[in-house]
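Read the structure below first, then the notes.
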Amino acid sequence: MGVLTDLAEIISWACIILGSFFCVVGGIGLLRLPDLFSRMHGAGITDTLGAGLIITGLIFHSGLSLVSAKLFLIVFFLFLTSPTSTHAVAKAARIAGLEPLLDKKDGKS
Amino acid sequence: MFVVAMIAILVTLVLALLRAVLGPTTYDRILAVNMAGTKTVLLIAVLGFLTGRPDFLDLALIYILLNFIGTIAVLKFIQYGDFAVGGRKNEKIGA
């Protein structure tokens with residue numbers, strides 16, 4: 001049983017560290033990318049990879065219990081609602097007349 | 001380990017709030033606030049494990065649903081200027 005617990009702990013460590021890394025990467029992307037539709041890409045990274053990996057790590061840490069069931073519900077609702085709201089933001093921006101930043105003829109992107 | 005995750009989430013929260021303050025358009029701000037809400041959910045979950053009492057997960061569960069509803073409500077308010085319009089079938093939206 002000791003080896004299995006250690007293995008779960010190592011997987012939990014790796015997932016949480018990787019998720020933290022992707023969180024910071026997505027945050028930098030949200031701050032530095034040039035327009036709204038590419039900033040959505042940064043927000044999407046933190047919502048799926050970052051949050052998903054961190055909560056997966058927490059599930060591995062807590063084992064099979066009520067806590068992991070709640071964490072599973074959190075990740076389920078996160079994956080259900082986050083793309084929906086991002087899609088709604090994109091559609092509302094398109095209706096309001098925002099255009100994606102494309103390659104211009106003068107070479108400046 | 002939880003401290004590392006906590007610091008990363010706090011840094012991301014600050015970056016998202018910076019974008020919400022700087023954002024040129026309203027939709028940038030809405031996107032950044034939505035992401036800050038997601039990060040708050042993660043912060044609540046990790047805080048529960050950090051203090052050894054993972055009882056805050058119910059709050060995180062409520063917060064994620066409220067975050068979604070809040071984003072949709074703000075988007076509808078920005079688009080129509082009213083919460084009570086829309087819903088008709090043959091309505092042409094936008095261009």
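Quick note on naming: the chains in the structure tokens go A, B, ... in the order shown, residues restart at 1 in each chain, and ligands are numbered from 1 in order of appearance.
Shell of Thr26 in chain B at 12 Å, with only C-alpha atoms counted and residues fewer than 6 places along the chain excluded, is Leu36, Val89, Ala90, Ala92, Ala93, Ala96 and Leu98 of chain A; Arg19, Ala20, Ala32, Val33, Val74, Leu75, Phe77, Ile78 and Gln79 of chain B.
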Next item on the list: Excluding Leu4 in chain A and residues on its chain fewer than 4 positions from it, collect all residues at most 12 Å away from it, counting only C-alpha atoms, and give them as a ChimeraX atom specification.
Entry: /A:8-11,60-61,63
Note to self: At a cut-off of 8 Å, which residues of chain A touch chain B? Count only C-alpha atoms and give the answer as a ChimeraX atom specification.
What the structure shows: /A:13,16-17,19-21,23-24,26-28,30-31,36,40,43,46-47,51,54-55,58,67,70-71,73-74,77-78,81-82,85-86,88-89,92-93,95-96
Checklist line | Filtered DSSP result for chain B, state alpha helix (DSSP H), as a PyMOL selection string | finding: chain B and resi 2-22+26-50+57-80
For the residues selected in the previous step, produce a file with C-alpha atoms as a PDB file, in the first residue's frame.
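Final output, selection-v2.pdb:
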```pdb
ATOM      1  CA  PHE B   2       0.107  23.675  -2.393  1.00  0.00           C
ATOM      2  CA  VAL B   3       2.036  26.859  -1.669  1.00  0.00           C
ATOM      3  CA  VAL B   4       3.498  26.754  -5.194  1.00  0.00           C
ATOM      4  CA  ALA B   5       0.034  26.302  -6.704  1.00  0.00           C
ATOM      5  CA  MET B   6      -1.289  29.109  -4.497  1.00  0.00           C
ATOM      6  CA  ILE B   7       1.450  31.525  -5.621  1.00  0.00           C
ATOM      7  CA  ALA B   8       0.910  30.624  -9.294  1.00  0.00           C
ATOM      8  CA  ILE B   9      -2.839  31.140  -8.998  1.00  0.00           C
ATOM      9  CA  LEU B  10      -2.360  34.483  -7.234  1.00  0.00           C
ATOM     10  CA  VAL B  11       0.080  35.658  -9.933  1.00  0.00           C
ATOM     11  CA  THR B  12      -2.423  34.653 -12.630  1.00  0.00           C
ATOM     12  CA  LEU B  13      -5.194  36.457 -10.739  1.00  0.00           C
ATOM     13  CA  VAL B  14      -3.111  39.645 -10.664  1.00  0.00           C
ATOM     14  CA  LEU B  15      -2.385  39.345 -14.412  1.00  0.00           C
ATOM     15  CA  ALA B  16      -6.096  38.838 -15.167  1.00  0.00           C
ATOM     16  CA  LEU B  17      -7.069  41.831 -13.017  1.00  0.00           C
ATOM     17  CA  LEU B  18      -4.400  43.908 -14.782  1.00  0.00           C
ATOM     18  CA  ARG B  19      -5.977  43.007 -18.121  1.00  0.00           C
ATOM     19  CA  ALA B  20      -9.400  43.854 -16.683  1.00  0.00           C
ATOM     20  CA  VAL B  21      -8.138  47.311 -15.723  1.00  0.00           C
ATOM     21  CA  LEU B  22      -6.178  47.915 -18.949  1.00  0.00           C
ATOM     22  CA  THR B  26     -15.598  45.902 -22.686  1.00  0.00           C
ATOM     23  CA  TYR B  27     -15.285  42.309 -23.894  1.00  0.00           C
ATOM     24  CA  ASP B  28     -11.646  42.181 -22.809  1.00  0.00           C
ATOM     25  CA  ARG B  29     -12.748  43.175 -19.348  1.00  0.00           C
ATOM     26  CA  ILE B  30     -15.542  40.595 -19.293  1.00  0.00           C
ATOM     27  CA  LEU B  31     -13.139  37.867 -20.436  1.00  0.00           C
ATOM     28  CA  ALA B  32     -10.580  38.854 -17.793  1.00  0.00           C
ATOM     29  CA  VAL B  33     -13.181  38.950 -15.025  1.00  0.00           C
ATOM     30  CA  ASN B  34     -14.509  35.550 -16.076  1.00  0.00           C
ATOM     31  CA  MET B  35     -10.977  34.150 -15.893  1.00  0.00           C
ATOM     32  CA  ALA B  36     -10.446  35.802 -12.505  1.00  0.00           C
ATOM     33  CA  GLY B  37     -13.586  34.023 -11.305  1.00  0.00           C
ATOM     34  CA  THR B  38     -12.218  30.674 -12.478  1.00  0.00           C
ATOM     35  CA  LYS B  39      -8.955  31.407 -10.690  1.00  0.00           C
ATOM     36  CA  THR B  40     -10.914  32.235  -7.531  1.00  0.00           C
ATOM     37  CA  VAL B  41     -12.530  28.796  -7.704  1.00  0.00           C
ATOM     38  CA  LEU B  42      -9.085  27.211  -7.923  1.00  0.00           C
ATOM     39  CA  LEU B  43      -7.860  29.429  -5.086  1.00  0.00           C
ATOM     40  CA  ILE B  44     -10.712  28.299  -2.831  1.00  0.00           C
ATOM     41  CA  ALA B  45     -10.067  24.635  -3.644  1.00  0.00           C
ATOM     42  CA  VAL B  46      -6.306  24.846  -3.043  1.00  0.00           C
ATOM     43  CA  LEU B  47      -6.793  26.923   0.117  1.00  0.00           C
ATOM     44  CA  GLY B  48      -8.954  24.153   1.559  1.00  0.00           C
ATOM     45  CA  PHE B  49      -6.170  21.620   0.998  1.00  0.00           C
ATOM     46  CA  LEU B  50      -3.502  24.038   2.241  1.00  0.00           C
ATOM     47  CA  LEU B  57     -15.220  22.882  -1.962  1.00  0.00           C
ATOM     48  CA  ASP B  58     -18.948  23.534  -1.674  1.00  0.00           C
ATOM     49  CA  LEU B  59     -18.202  27.231  -1.918  1.00  0.00           C
ATOM     50  CA  ALA B  60     -16.061  26.589  -5.010  1.00  0.00           C
ATOM     51  CA  LEU B  61     -18.897  24.587  -6.576  1.00  0.00           C
ATOM     52  CA  ILE B  62     -21.381  27.411  -5.981  1.00  0.00           C
ATOM     53  CA  TYR B  63     -18.901  30.020  -7.148  1.00  0.00           C
ATOM     54  CA  ILE B  64     -18.281  28.373 -10.501  1.00  0.00           C
ATOM     55  CA  LEU B  65     -21.993  28.266 -11.333  1.00  0.00           C
ATOM     56  CA  LEU B  66     -22.481  31.870 -10.171  1.00  0.00           C
ATOM     57  CA  ASN B  67     -19.499  32.916 -12.281  1.00  0.00           C
ATOM     58  CA  PHE B  68     -21.066  31.441 -15.418  1.00  0.00           C
ATOM     59  CA  ILE B  69     -24.460  33.017 -14.780  1.00  0.00           C
ATOM     60  CA  GLY B  70     -22.840  36.358 -13.971  1.00  0.00           C
ATOM     61  CA  THR B  71     -20.828  36.367 -17.205  1.00  0.00           C
ATOM     62  CA  ILE B  72     -23.883  35.562 -19.316  1.00  0.00           C
ATOM     63  CA  ALA B  73     -25.956  38.190 -17.488  1.00  0.00           C
ATOM     64  CA  VAL B  74     -23.346  40.912 -17.963  1.00  0.00           C
ATOM     65  CA  LEU B  75     -22.991  40.014 -21.651  1.00  0.00           C
ATOM     66  CA  LYS B  76     -26.746  40.241 -22.138  1.00  0.00           C
ATOM     67  CA  PHE B  77     -26.845  43.549 -20.321  1.00  0.00           C
ATOM     68  CA  ILE B  78     -24.004  44.956 -22.441  1.00  0.00           C
ATOM     69  CA  GLN B  79     -25.637  43.805 -25.664  1.00  0.00           C
ATOM     70  CA  TYR B  80     -29.239  44.863 -25.026  1.00  0.00           C
TER      71      TYR B  80
END
```
Note to self: One number please: CA of Ser65 in chain A to CA of Leu18 in chain A, in Å, one decimal.
What the structure shows: 23.8 Å
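Relative to CA of Leu33 in chain A, CA of Gly52 in chain A is found at 22.6 Å.
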